[in-house]
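Dropping input.txt in here (compact mmCIF, C-alpha atoms and all ligand atoms):
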# COMPACT_ATOMS: atom_id res chain seq x y z
CA MET A 1 -12.27 -23.63 -4.44
CA LYS A 2 -13.21 -24.42 -0.83
CA ILE A 3 -12.20 -21.88 1.79
CA LEU A 4 -12.22 -22.08 5.60
CA VAL A 5 -12.83 -18.66 7.14
CA THR A 6 -11.93 -18.33 10.83
CA GLY A 7 -13.83 -15.54 12.58
CA GLY A 8 -16.21 -15.47 9.61
CA THR A 9 -19.27 -14.33 11.57
CA GLY A 10 -17.36 -11.25 12.81
CA TYR A 11 -17.40 -7.79 11.28
CA ILE A 12 -14.75 -8.05 8.55
CA GLY A 13 -15.11 -11.82 8.17
CA SER A 14 -18.84 -11.68 7.38
CA HIS A 15 -18.33 -8.99 4.71
CA THR A 16 -15.56 -11.06 3.15
CA VAL A 17 -17.69 -14.23 3.21
CA ILE A 18 -20.37 -12.33 1.23
CA GLU A 19 -17.83 -11.36 -1.46
CA LEU A 20 -16.50 -14.94 -1.62
CA LEU A 21 -19.97 -16.52 -1.89
CA ASN A 22 -21.01 -14.00 -4.55
CA LEU A 23 -17.99 -15.08 -6.62
CA GLY A 24 -18.87 -18.77 -6.33
CA PHE A 25 -16.31 -19.86 -3.72
CA GLU A 26 -17.45 -22.56 -1.32
CA VAL A 27 -17.11 -21.29 2.26
CA ASP A 28 -17.08 -22.85 5.74
CA ILE A 29 -16.85 -20.63 8.82
CA VAL A 30 -15.32 -21.54 12.17
CA ASP A 31 -16.10 -19.09 14.99
CA ASN A 32 -16.66 -19.38 18.74
CA LEU A 33 -19.25 -16.54 18.62
CA PHE A 34 -17.35 -14.69 21.35
CA ASN A 35 -17.76 -11.40 19.49
CA SER A 36 -20.43 -12.20 16.89
CA LYS A 37 -23.91 -13.59 16.56
CA ILE A 38 -25.21 -16.74 14.90
CA THR A 39 -27.95 -14.68 13.18
CA VAL A 40 -25.23 -13.27 10.88
CA LEU A 41 -25.54 -16.54 8.94
CA ASP A 42 -29.20 -15.80 8.08
CA LYS A 43 -28.20 -12.31 6.96
CA ILE A 44 -25.38 -13.64 4.78
CA GLU A 45 -27.89 -16.06 3.24
CA SER A 46 -30.46 -13.37 2.55
CA ILE A 47 -27.81 -11.15 0.87
CA THR A 48 -26.12 -13.85 -1.22
CA GLY A 49 -28.78 -16.57 -1.53
CA LYS A 50 -26.20 -19.02 -0.15
CA ARG A 51 -25.55 -20.28 3.36
CA PRO A 52 -21.94 -20.93 4.37
CA GLY A 53 -21.08 -24.02 6.39
CA PHE A 54 -20.65 -23.17 10.07
CA PHE A 55 -18.74 -24.71 12.99
CA GLU A 56 -19.13 -23.15 16.44
CA LEU A 57 -15.67 -23.84 17.81
CA ASP A 58 -12.83 -22.13 19.62
CA LEU A 59 -9.50 -22.33 17.75
CA LEU A 60 -7.94 -23.32 21.06
CA ASN A 61 -9.94 -26.56 20.86
CA LYS A 62 -7.29 -28.26 18.76
CA SER A 63 -8.89 -31.69 18.52
CA GLY A 64 -12.17 -30.08 17.41
CA LEU A 65 -10.27 -28.07 14.82
CA GLU A 66 -8.57 -31.19 13.51
CA LYS A 67 -11.98 -32.82 12.99
CA ILE A 68 -13.04 -29.89 10.79
CA PHE A 69 -9.91 -30.28 8.63
CA GLU A 70 -10.35 -34.05 8.55
CA ALA A 71 -13.93 -33.77 7.27
CA SER A 72 -13.24 -31.45 4.30
CA LYS A 73 -10.39 -30.67 1.97
CA TYR A 74 -9.81 -26.92 2.09
CA ASP A 75 -7.76 -25.13 -0.54
CA LEU A 76 -7.14 -22.08 1.58
CA VAL A 77 -7.74 -20.49 4.99
CA VAL A 78 -8.68 -16.85 5.59
CA HIS A 79 -7.81 -16.18 9.22
CA PHE A 80 -9.77 -13.39 10.93
CA ALA A 81 -10.41 -15.00 14.34
CA GLY A 82 -8.80 -13.03 17.12
CA LEU A 83 -9.43 -10.74 20.04
CA LYS A 84 -9.00 -7.08 19.14
CA ALA A 85 -9.75 -4.79 22.08
CA VAL A 86 -6.56 -2.81 22.68
CA GLY A 87 -7.37 -1.69 26.25
CA GLU A 88 -8.48 -5.17 27.31
CA SER A 89 -5.24 -6.62 25.92
CA VAL A 90 -3.29 -4.44 28.36
CA GLU A 91 -5.35 -5.80 31.26
CA LYS A 92 -5.35 -9.44 30.10
CA PRO A 93 -2.16 -9.94 28.09
CA LEU A 94 -2.04 -13.73 28.53
CA THR A 95 -5.59 -14.12 27.25
CA TYR A 96 -4.59 -12.19 24.13
CA TYR A 97 -1.36 -14.11 23.54
CA GLU A 98 -3.13 -17.42 24.06
CA ASN A 99 -6.16 -16.64 21.92
CA ASN A 100 -4.39 -14.90 19.06
CA VAL A 101 -0.93 -16.48 18.96
CA THR A 102 -1.66 -20.00 20.27
CA GLY A 103 -4.91 -20.09 18.26
CA THR A 104 -2.91 -19.30 15.10
CA ILE A 105 -0.27 -21.92 15.91
CA TYR A 106 -2.99 -24.58 16.30
CA LEU A 107 -4.52 -23.48 13.02
CA LEU A 108 -1.15 -23.64 11.22
CA ASP A 109 -0.50 -27.06 12.75
CA CYS A 110 -3.81 -28.38 11.41
CA MET A 111 -3.12 -26.85 8.03
CA LYS A 112 0.23 -28.63 7.89
CA LYS A 113 -1.26 -31.94 9.01
CA TYR A 114 -4.03 -31.80 6.40
CA CYS A 115 -1.84 -30.33 3.60
CA VAL A 116 -3.56 -26.93 3.37
CA GLU A 117 -0.81 -24.60 2.25
CA LYS A 118 -2.39 -21.21 1.72
CA ILE A 119 -3.41 -18.62 4.30
CA VAL A 120 -4.54 -15.00 4.23
CA PHE A 121 -4.01 -13.32 7.60
CA SER A 122 -5.68 -10.24 9.15
CA SER A 123 -2.90 -8.04 10.42
CA SER A 124 -3.05 -4.39 11.36
CA ALA A 125 -1.32 -1.08 10.76
CA THR A 126 -0.57 -1.27 14.48
CA VAL A 127 2.51 -3.44 13.67
CA TYR A 128 4.26 -0.34 12.31
CA GLY A 129 4.42 1.08 15.86
CA GLU A 130 6.14 4.47 15.97
CA GLN A 131 7.50 5.75 12.68
CA ASP A 132 8.95 9.09 11.61
CA ALA A 133 6.67 9.21 8.55
CA SER A 134 2.85 9.32 8.38
CA ARG A 135 2.56 7.46 5.04
CA LEU A 136 3.35 3.85 5.89
CA THR A 137 4.90 1.46 3.37
CA GLU A 138 5.15 -2.31 3.70
CA GLU A 139 8.94 -2.41 3.83
CA MET A 140 9.18 -0.18 6.92
CA GLN A 141 10.52 -1.90 10.01
CA THR A 142 7.80 -3.31 12.26
CA GLY A 143 7.57 -4.28 15.93
CA ILE A 144 9.23 -1.22 17.48
CA GLY A 145 7.08 1.06 19.62
CA ILE A 146 3.95 -1.09 19.57
CA THR A 147 2.09 0.15 22.64
CA ASN A 148 -0.06 -2.87 23.59
CA PRO A 149 -0.21 -6.71 23.70
CA TYR A 150 -2.91 -6.83 20.98
CA GLY A 151 -0.55 -5.11 18.54
CA ARG A 152 2.29 -7.39 19.58
CA THR A 153 0.18 -10.51 18.86
CA LYS A 154 -0.21 -9.26 15.27
CA PHE A 155 3.53 -8.62 14.99
CA MET A 156 4.35 -12.08 16.44
CA ILE A 157 1.94 -13.87 14.11
CA GLU A 158 3.49 -12.10 11.11
CA GLU A 159 6.91 -13.35 12.23
CA ILE A 160 5.56 -16.89 12.77
CA LEU A 161 4.13 -16.92 9.24
CA LYS A 162 7.52 -15.85 7.82
CA ASP A 163 9.24 -18.66 9.76
CA VAL A 164 6.74 -21.25 8.55
CA ALA A 165 7.27 -20.09 4.96
CA ASN A 166 11.04 -20.41 5.47
CA SER A 167 10.57 -23.99 6.59
CA ASP A 168 8.22 -25.05 3.78
CA ALA A 169 8.72 -24.05 0.15
CA ASN A 170 5.08 -24.76 -0.74
CA PHE A 171 3.57 -22.58 2.00
CA SER A 172 1.86 -19.38 0.78
CA ALA A 173 0.82 -16.57 3.09
CA ILE A 174 -0.57 -13.15 2.39
CA ILE A 175 -0.51 -10.76 5.32
CA LEU A 176 -3.00 -7.92 4.97
CA ARG A 177 -2.33 -4.91 7.18
CA TYR A 178 -5.68 -3.21 7.64
CA PHE A 179 -5.85 0.47 8.40
CA ASN A 180 -9.16 1.61 9.97
CA PRO A 181 -12.15 -0.40 8.71
CA ILE A 182 -15.53 1.38 8.87
CA GLY A 183 -18.99 1.13 7.26
CA ASN A 184 -20.98 -1.96 6.46
CA HIS A 185 -22.79 -3.80 3.69
CA PRO A 186 -25.04 -1.43 1.68
CA SER A 187 -28.06 -3.67 2.42
CA GLY A 188 -27.86 -2.40 6.02
CA LEU A 189 -28.35 -6.01 7.15
CA ILE A 190 -24.89 -6.61 8.61
CA GLY A 191 -22.33 -4.31 10.14
CA GLU A 192 -20.08 -3.75 13.11
CA ASP A 193 -22.03 -4.99 16.11
CA PRO A 194 -19.51 -5.57 18.88
CA ASN A 195 -20.45 -7.28 22.13
CA GLY A 196 -19.57 -4.85 24.97
CA ILE A 197 -18.36 -1.27 24.87
CA PRO A 198 -16.22 -0.42 21.82
CA ASN A 199 -12.95 1.55 21.77
CA ASN A 200 -12.73 2.57 18.14
CA LEU A 201 -13.99 5.84 16.74
CA MET A 202 -16.72 4.65 14.37
CA PRO A 203 -18.57 2.27 16.74
CA ILE A 204 -18.38 5.01 19.39
CA ILE A 205 -19.91 7.53 16.93
CA MET A 206 -22.69 4.95 16.36
CA ARG A 207 -23.36 4.65 20.10
CA VAL A 208 -23.54 8.43 20.51
CA ALA A 209 -25.90 8.68 17.51
CA GLN A 210 -28.15 6.04 19.11
CA GLY A 211 -28.15 7.88 22.46
CA LYS A 212 -26.30 5.00 24.17
CA SER A 213 -23.43 7.39 25.05
CA PRO A 214 -24.01 11.09 25.73
CA GLU A 215 -21.16 12.46 23.61
CA LEU A 216 -18.05 11.61 21.65
CA LYS A 217 -14.80 12.39 23.40
CA VAL A 218 -12.35 13.81 20.86
CA TYR A 219 -8.98 12.66 22.13
CA GLY A 220 -6.96 15.83 21.64
CA ASP A 221 -7.19 18.86 19.33
CA ASP A 222 -3.55 19.89 19.63
CA TYR A 223 -1.87 17.37 17.33
CA PRO A 224 0.36 18.70 14.53
CA THR A 225 -2.39 17.99 11.97
CA PRO A 226 -4.41 20.51 9.87
CA ASP A 227 -7.27 20.77 12.42
CA GLY A 228 -5.41 19.46 15.51
CA SER A 229 -7.33 16.16 15.78
CA GLY A 230 -5.89 12.70 15.01
CA VAL A 231 -5.75 11.59 11.37
CA ARG A 232 -6.33 7.99 10.23
CA ASP A 233 -6.98 6.08 7.00
CA TYR A 234 -10.61 4.91 7.19
CA ILE A 235 -11.37 2.14 4.68
CA HIS A 236 -14.87 0.94 3.81
CA VAL A 237 -15.25 -2.69 4.94
CA VAL A 238 -16.65 -3.71 1.53
CA ASP A 239 -13.47 -2.44 -0.17
CA LEU A 240 -11.47 -4.29 2.50
CA ALA A 241 -13.42 -7.50 1.83
CA LYS A 242 -12.67 -7.15 -1.89
CA GLY A 243 -8.98 -6.80 -1.01
CA HIS A 244 -9.13 -10.36 0.37
CA VAL A 245 -10.53 -11.68 -2.90
CA ALA A 246 -7.73 -9.89 -4.79
CA ALA A 247 -5.19 -11.48 -2.43
CA ILE A 248 -6.66 -14.98 -2.83
CA ASN A 249 -6.37 -14.65 -6.59
CA LYS A 250 -2.65 -13.79 -6.36
CA MET A 251 -1.41 -16.38 -3.86
CA LYS A 252 2.02 -17.82 -4.55
CA PRO A 253 4.58 -19.64 -2.37
CA GLY A 254 6.29 -17.40 0.19
CA VAL A 255 4.99 -14.48 2.24
CA GLU A 256 3.68 -11.24 0.77
CA ILE A 257 2.50 -8.26 2.79
CA TYR A 258 0.03 -5.62 1.64
CA ASN A 259 -1.43 -2.51 3.23
CA LEU A 260 -5.17 -2.25 2.80
CA GLY A 261 -6.20 1.36 3.17
CA THR A 262 -7.36 4.22 0.97
CA GLY A 263 -4.08 6.14 0.96
CA ARG A 264 -5.88 9.21 2.38
CA GLY A 265 -6.07 10.53 5.92
CA THR A 266 -9.24 11.88 7.58
CA SER A 267 -9.30 13.75 10.90
CA VAL A 268 -11.67 13.11 13.82
CA PHE A 269 -13.37 16.47 13.18
CA GLU A 270 -13.81 15.54 9.48
CA MET A 271 -15.35 12.23 10.58
CA ILE A 272 -17.83 14.08 12.81
CA LYS A 273 -18.76 16.42 9.91
CA ALA A 274 -19.16 13.47 7.51
CA PHE A 275 -21.49 11.72 9.96
CA GLU A 276 -23.54 14.90 10.46
CA LYS A 277 -23.80 15.43 6.69
CA ALA A 278 -25.00 11.89 6.08
CA SER A 279 -27.45 11.78 9.01
CA GLY A 280 -28.66 15.39 9.02
CA GLU A 281 -28.19 15.36 12.80
CA LYS A 282 -25.68 17.02 15.13
CA LEU A 283 -23.24 14.69 16.87
CA PRO A 284 -22.47 15.90 20.41
CA PHE A 285 -18.76 15.91 21.27
CA VAL A 286 -16.28 17.23 23.84
CA ILE A 287 -12.55 17.70 23.46
CA THR A 288 -10.51 15.81 26.05
CA GLU A 289 -6.89 14.86 26.71
CA ARG A 290 -4.98 12.83 24.14
CA ARG A 291 -5.37 9.04 24.52
CA ALA A 292 -2.15 7.33 25.67
CA GLY A 293 -0.37 5.56 22.83
CA ASP A 294 -2.14 7.48 20.03
CA LEU A 295 -0.20 8.73 17.02
CA ALA A 296 -0.97 12.09 15.34
CA GLU A 297 -1.37 10.96 11.75
CA ILE A 298 -1.05 7.68 9.87
CA PHE A 299 -2.28 6.51 6.50
CA ALA A 300 -1.44 3.72 4.09
CA ASP A 301 0.79 3.76 1.09
CA THR A 302 -1.33 1.55 -1.16
CA THR A 303 0.97 1.47 -4.19
CA LYS A 304 1.98 -2.18 -3.68
CA ALA A 305 -1.60 -3.49 -3.42
CA GLU A 306 -2.61 -1.46 -6.48
CA ARG A 307 0.35 -2.67 -8.53
CA GLU A 308 0.47 -6.33 -7.50
CA LEU A 309 -3.12 -7.16 -6.52
CA GLY A 310 -4.83 -4.81 -8.96
CA TRP A 311 -6.90 -3.62 -5.98
CA LYS A 312 -7.79 -0.09 -4.96
CA ALA A 313 -10.33 1.23 -2.46
CA LYS A 314 -13.23 2.86 -4.31
CA LEU A 315 -15.69 3.87 -1.59
CA THR A 316 -15.45 7.09 0.45
CA VAL A 317 -15.90 7.98 4.11
CA GLY A 318 -19.23 9.55 3.01
CA ASP A 319 -20.34 6.18 1.54
CA ALA A 320 -19.38 4.46 4.80
CA MET A 321 -21.39 7.01 6.81
CA LYS A 322 -24.50 6.49 4.62
CA ASP A 323 -24.19 2.71 4.97
CA THR A 324 -23.68 3.01 8.72
CA ILE A 325 -26.86 5.07 9.05
CA ARG A 326 -28.80 2.50 6.99
CA PHE A 327 -27.49 -0.21 9.35
CA LEU A 328 -28.40 1.84 12.44
CA TYR A 329 -31.84 3.06 11.42
CA GLY A 330 -32.79 0.78 8.52
CA LYS A 331 -33.14 3.73 6.09
P1 LIG A 401 -14.60 -9.28 15.16
O1 LIG A 401 -14.42 -9.38 16.64
O2 LIG A 401 -15.88 -8.70 14.66
O3 LIG A 401 -14.39 -10.71 14.47
C1 LIG A 401 -13.49 -11.67 14.99
C2 LIG A 401 -14.26 -12.98 15.11
O4 LIG A 401 -13.37 -13.98 15.60
C3 LIG A 401 -15.43 -12.89 16.08
O5 LIG A 401 -16.60 -13.39 15.43
C4 LIG A 401 -15.02 -13.79 17.25
O6 LIG A 401 -16.14 -14.42 17.85
C5 LIG A 401 -14.06 -14.75 16.58
N1 LIG A 401 -13.03 -15.32 17.47
C6 LIG A 401 -12.17 -14.67 18.28
N2 LIG A 401 -11.36 -15.54 18.90
C7 LIG A 401 -11.71 -16.79 18.46
C8 LIG A 401 -11.25 -18.09 18.74
N3 LIG A 401 -10.27 -18.33 19.62
N4 LIG A 401 -11.84 -19.13 18.12
C9 LIG A 401 -12.85 -18.93 17.23
N5 LIG A 401 -13.33 -17.72 16.93
C10 LIG A 401 -12.77 -16.65 17.54
O7 LIG A 401 -13.36 -8.45 14.61
P2 LIG A 401 -13.11 -7.83 13.16
O8 LIG A 401 -13.14 -6.35 13.31
O9 LIG A 401 -13.95 -8.48 12.15
O10 LIG A 401 -11.58 -8.23 12.98
C11 LIG A 401 -11.19 -9.40 12.28
C12 LIG A 401 -9.69 -9.52 12.33
O11 LIG A 401 -9.10 -8.34 11.78
C13 LIG A 401 -9.12 -9.64 13.75
O12 LIG A 401 -8.04 -10.54 13.73
C14 LIG A 401 -8.65 -8.24 14.06
O13 LIG A 401 -7.61 -8.22 14.99
C15 LIG A 401 -8.17 -7.78 12.69
N6 LIG A 401 -8.18 -6.32 12.54
C16 LIG A 401 -9.33 -5.62 12.80
C17 LIG A 401 -9.31 -4.22 12.71
C18 LIG A 401 -10.55 -3.42 13.02
O14 LIG A 401 -10.43 -2.21 13.28
N7 LIG A 401 -11.74 -3.99 13.01
C19 LIG A 401 -8.13 -3.56 12.33
C20 LIG A 401 -6.99 -4.31 12.05
C21 LIG A 401 -7.02 -5.70 12.16
C1 LIG A 402 -6.69 1.75 17.51
C2 LIG A 402 -5.60 1.03 18.29
C3 LIG A 402 -4.81 0.14 17.32
C4 LIG A 402 -5.76 -0.84 16.60
C5 LIG A 402 -6.86 -0.04 15.90
C6 LIG A 402 -7.88 -0.94 15.24
C7 LIG A 402 -5.00 2.41 20.22
C8 LIG A 402 -3.94 3.26 20.82
N1 LIG A 402 -4.75 1.99 18.95
O1 LIG A 402 -6.09 2.51 16.51
O2 LIG A 402 -3.85 -0.59 18.05
O3 LIG A 402 -5.06 -1.59 15.65
O4 LIG A 402 -7.54 0.79 16.87
O5 LIG A 402 -8.55 -1.71 16.19
O6 LIG A 402 -6.00 2.08 20.84
N2 LIG A 402 -10.74 8.78 18.77
C9 LIG A 402 -11.39 9.79 19.45
N3 LIG A 402 -12.37 9.44 20.34
C10 LIG A 402 -12.74 8.14 20.57
C11 LIG A 402 -12.08 7.11 19.84
C12 LIG A 402 -11.08 7.47 18.96
O7 LIG A 402 -11.08 10.97 19.28
O8 LIG A 402 -13.63 7.90 21.39
C13 LIG A 402 -9.69 9.15 17.79
C14 LIG A 402 -8.32 8.58 18.11
O9 LIG A 402 -7.58 9.46 18.92
C15 LIG A 402 -7.74 8.44 16.70
C16 LIG A 402 -8.96 8.16 15.81
O10 LIG A 402 -10.09 8.60 16.56
O11 LIG A 402 -7.18 9.66 16.27
C17 LIG A 402 -9.15 6.68 15.49
O12 LIG A 402 -9.13 5.93 16.70
P1 LIG A 402 -9.41 4.34 16.71
O13 LIG A 402 -10.66 4.06 15.97
O14 LIG A 402 -9.32 3.90 18.13
O15 LIG A 402 -8.23 3.72 15.85
P2 LIG A 402 -6.63 3.87 15.97
O16 LIG A 402 -6.25 4.93 16.94
O17 LIG A 402 -6.10 3.99 14.59

Do you think you could lay out the structure here as structure tokens?
Amino acid sequence: MKILVTGGTGYIGSHTVIELLNLGFEVDIVDNLFNSKITVLDKIESITGKRPGFFELDLLNKSGLEKIFEASKYDLVVHFAGLKAVGESVEKPLTYYENNVTGTIYLLDCMKKYCVEKIVFSSSATVYGEQDASRLTEEMQTGIGITNPYGRTKFMIEEILKDVANSDANFSAIILRYFNPIGNHPSGLIGEDPNGIPNNLMPIIMRVAQGKSPELKVYGDDYPTPDGSGVRDYIHVVDLAKGHVAAINKMKPGVEIYNLGTGRGTSVFEMIKAFEKASGEKLPFVITERRAGDLAEIFADTTKAERELGWKAKLTVGDAMKDTIRFLYGK
């Protein structure tokens, strides 16, 4: 089976490409390298012994994208390419809508033109917006209370995929709603290596550990959670990557949606302790105001993915911390 992976040199994409190559799938990557580095290809090759095909191209370059589809017959697309910085999306909403939504429309157009009918899409728990419950299930209503344009691009793309499936009985889409991906490949060769200053907890912990930031700001210790800090469902990126393989193996016409998380919540203070345990070093932190738009506690209900995909996260936050330290310090 030949698969086109958009955003395949990025954090989650590269880990998924490794799983796909290890299982014998043929993989081409299309990425504009806006938030990833070309050297990832060498690292993928040294881990798997195989080098994926690579096209440096922006999805907004529609004629270039068409040439890629014209040159090879793909069985399926795994679509990671997108901008993901929440704060930046508030400042530059049109850039986010154009890159994420228009980029996806161009991709879907090419797929239709070249008769590629299967897509796996990277969505996010952010589409759930505000809910009364902390355990989130796939059938909950989405789109209400999303606090930023990034989150709304994910919601819109989900709706677009449902409309395309309604218009075409052969179209198959699996929407994967990721919770909070952390960790990296156990080789320590690849991991989350964002260009610019990150917003998410784990890359910020990494910067503090490397001395690039003086301390971690804990955004609030007065939430209604056991220790007062925010609780999220942190999933090891290797488990997440394996979730994509499980999805690819279960594709059928129509749209299916799955949460990919561990089903367990971990607080910010527990994350700090887990990092300190794995590294043997103290992580400096200060407690600050809550961050606007943050929820107290959310975690995935993973029953549907377990039942229908036969997939379950196996690795722990402690495993992710050990792998992160290997990536940071090469040990
Ligand atoms: P990433 O930034 O590491 O990877 C995305 C890749 O897409 C990058 O290599 C970037 O250069 C590429 N890209 C972006 N726009 C492009 C375009 N127009 N044309 C071609 N390439 C383009 O991000 P990631 O963490 O690996 O996330 C992958 C996907 O998963 C994204 O769609 C993201 O929104 C989604 N997601 C991520 C998280 C998370 O916390 N990391 C959570 C939920 C959902
Ligand atoms: C954030 C985004 C969400 C996006 C997700 C993955 C916001 C409001 N939400 O979610 O839309 O889908 O990232 O990209 O930005 N924390 C700190 N200090 C920090 C950073 C984070 O205490 O410096 C806390 C947060 O308050 C939260 C937890 O750590 O409780 C996780 O934060 P983060 O990694 O940003 O993920 P989300 O809040 O789940």

Test item: residues at most 10 Å from Arg152 in chain A, all atoms listed in the file, excluding those fewer than 6 positions along its chain, as a list in words:
Ser89, Pro93, Tyr96, Tyr97, Val101, Thr126, Val127, Gly129, Gly143, Ile144, Gly145, Ile146 and Glu158 of chain A

Write out as a PDB file with C-alpha atoms, in the frame of the given file the residues lying within 9 Å of range 161-173 of chain A, counting all atoms listed in the file and excluding same-chain residues fewer than 5 positions away.
ATOM      1  CA  LEU A 108      -1.150 -23.640  11.220  1.00  0.00           C
ATOM      2  CA  VAL A 116      -3.560 -26.930   3.370  1.00  0.00           C
ATOM      3  CA  GLU A 117      -0.810 -24.600   2.250  1.00  0.00           C
ATOM      4  CA  LYS A 118      -2.390 -21.210   1.720  1.00  0.00           C
ATOM      5  CA  ILE A 119      -3.410 -18.620   4.300  1.00  0.00           C
ATOM      6  CA  VAL A 120      -4.540 -15.000   4.230  1.00  0.00           C
ATOM      7  CA  PHE A 121      -4.010 -13.320   7.600  1.00  0.00           C
ATOM      8  CA  MET A 156       4.350 -12.080  16.440  1.00  0.00           C
ATOM      9  CA  MET A 251      -1.410 -16.380  -3.860  1.00  0.00           C
ATOM     10  CA  LYS A 252       2.020 -17.820  -4.550  1.00  0.00           C
ATOM     11  CA  PRO A 253       4.580 -19.640  -2.370  1.00  0.00           C
ATOM     12  CA  GLY A 254       6.290 -17.400   0.190  1.00  0.00           C
ATOM     13  CA  VAL A 255       4.990 -14.480   2.240  1.00  0.00           C
ATOM     14  CA  GLU A 256       3.680 -11.240   0.770  1.00  0.00           C
ATOM     15  CA  ILE A 257       2.500  -8.260   2.790  1.00  0.00           C
TER      16      ILE A 257
END

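Comparing the minimum interatomic distances between Gly87 in chain A and each of A:Lys304, A:His244, A:Lys312, A:Arg291, counting all atoms listed in the file, we find that A:Arg291 sits nearest.
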
I'd like a table as JSON lines: residues in chain A with an atom no more than 8 Å from ligand LIG 402 (chain A), each row giving the shortest atom pair and its distance in Å to one decimal, all atoms listed in the file counted, sorted by chain and rising residue number.
{"residue": "A:Lys84", "atom": "CA", "partner": "A:LIG402", "partner_atom": "O5", "distance": 6.1}
{"residue": "A:Ala85", "atom": "CA", "partner": "A:LIG402", "partner_atom": "O5", "distance": 6.8}
{"residue": "A:Val86", "atom": "CA", "partner": "A:LIG402", "partner_atom": "O6", "distance": 5.3}
{"residue": "A:Gly87", "atom": "CA", "partner": "A:LIG402", "partner_atom": "O6", "distance": 6.7}
{"residue": "A:Ser124", "atom": "CA", "partner": "A:LIG402", "partner_atom": "O3", "distance": 5.5}
{"residue": "A:Ala125", "atom": "CA", "partner": "A:LIG402", "partner_atom": "O3", "distance": 6.2}
{"residue": "A:Thr126", "atom": "CA", "partner": "A:LIG402", "partner_atom": "O3", "distance": 4.7}
{"residue": "A:Ile146", "atom": "CA", "partner": "A:LIG402", "partner_atom": "O2", "distance": 8.0}
{"residue": "A:Thr147", "atom": "CA", "partner": "A:LIG402", "partner_atom": "C8", "distance": 7.0}
{"residue": "A:Asn148", "atom": "CA", "partner": "A:LIG402", "partner_atom": "O2", "distance": 7.1}
{"residue": "A:Tyr150", "atom": "CA", "partner": "A:LIG402", "partner_atom": "O2", "distance": 7.0}
{"residue": "A:Gly151", "atom": "CA", "partner": "A:LIG402", "partner_atom": "O2", "distance": 5.6}
{"residue": "A:Phe179", "atom": "CA", "partner": "A:LIG402", "partner_atom": "O17", "distance": 7.1}
{"residue": "A:Asn180", "atom": "CA", "partner": "A:LIG402", "partner_atom": "C6", "distance": 6.0}
{"residue": "A:Pro181", "atom": "CA", "partner": "A:LIG402", "partner_atom": "C6", "distance": 7.8}
{"residue": "A:Asn199", "atom": "CA", "partner": "A:LIG402", "partner_atom": "O14", "distance": 5.7}
{"residue": "A:Asn200", "atom": "CA", "partner": "A:LIG402", "partner_atom": "O13", "distance": 3.3}
{"residue": "A:Leu201", "atom": "CA", "partner": "A:LIG402", "partner_atom": "O13", "distance": 3.9}
{"residue": "A:Met202", "atom": "CA", "partner": "A:LIG402", "partner_atom": "O13", "distance": 6.3}
{"residue": "A:Ile204", "atom": "CA", "partner": "A:LIG402", "partner_atom": "O8", "distance": 5.9}
{"residue": "A:Ile205", "atom": "CA", "partner": "A:LIG402", "partner_atom": "O8", "distance": 7.7}
{"residue": "A:Leu216", "atom": "CA", "partner": "A:LIG402", "partner_atom": "O8", "distance": 5.8}
{"residue": "A:Lys217", "atom": "CA", "partner": "A:LIG402", "partner_atom": "N3", "distance": 4.9}
{"residue": "A:Val218", "atom": "CA", "partner": "A:LIG402", "partner_atom": "O7", "distance": 3.5}
{"residue": "A:Tyr219", "atom": "CA", "partner": "A:LIG402", "partner_atom": "O7", "distance": 3.9}
{"residue": "A:Gly220", "atom": "CA", "partner": "A:LIG402", "partner_atom": "O7", "distance": 6.8}
{"residue": "A:Ser229", "atom": "CA", "partner": "A:LIG402", "partner_atom": "O11", "distance": 6.5}
{"residue": "A:Gly230", "atom": "CA", "partner": "A:LIG402", "partner_atom": "O11", "distance": 3.5}
{"residue": "A:Val231", "atom": "CA", "partner": "A:LIG402", "partner_atom": "O11", "distance": 5.5}
{"residue": "A:Arg232", "atom": "CA", "partner": "A:LIG402", "partner_atom": "O17", "distance": 5.9}
{"residue": "A:Asp233", "atom": "CA", "partner": "A:LIG402", "partner_atom": "O17", "distance": 7.9}
{"residue": "A:Ser267", "atom": "CA", "partner": "A:LIG402", "partner_atom": "O11", "distance": 7.1}
{"residue": "A:Val268", "atom": "CA", "partner": "A:LIG402", "partner_atom": "O10", "distance": 5.5}
{"residue": "A:Arg290", "atom": "CA", "partner": "A:LIG402", "partner_atom": "O9", "distance": 6.7}
{"residue": "A:Arg291", "atom": "CA", "partner": "A:LIG402", "partner_atom": "O9", "distance": 6.0}
{"residue": "A:Ala292", "atom": "CA", "partner": "A:LIG402", "partner_atom": "C8", "distance": 6.6}
{"residue": "A:Gly293", "atom": "CA", "partner": "A:LIG402", "partner_atom": "C8", "distance": 4.7}
{"residue": "A:Asp294", "atom": "CA", "partner": "A:LIG402", "partner_atom": "C8", "distance": 4.7}
{"residue": "A:Leu295", "atom": "CA", "partner": "A:LIG402", "partner_atom": "O11", "distance": 7.1}
{"residue": "A:Ala296", "atom": "CA", "partner": "A:LIG402", "partner_atom": "O11", "distance": 6.7}
{"residue": "A:Glu297", "atom": "CA", "partner": "A:LIG402", "partner_atom": "O11", "distance": 7.5}
{"residue": "A:Ile298", "atom": "CA", "partner": "A:LIG402", "partner_atom": "O17", "distance": 7.8}

Residue with smallest distance to Ser14 in chain A - pool A:Asp221, A:Val237, A:Leu136, A:Ile68, counting only C-alpha atoms
A:Val237

Centre, edges in Å (one decimal): axis-aligned box, range 206-221 of chain A, 3 Å padding on all six sides, as lines of an AutoDock Vina configuration file:
center_x = -17.6
center_y = 11.8
center_z = 21.0
size_x = 27.2
size_y = 20.2
size_z = 15.4
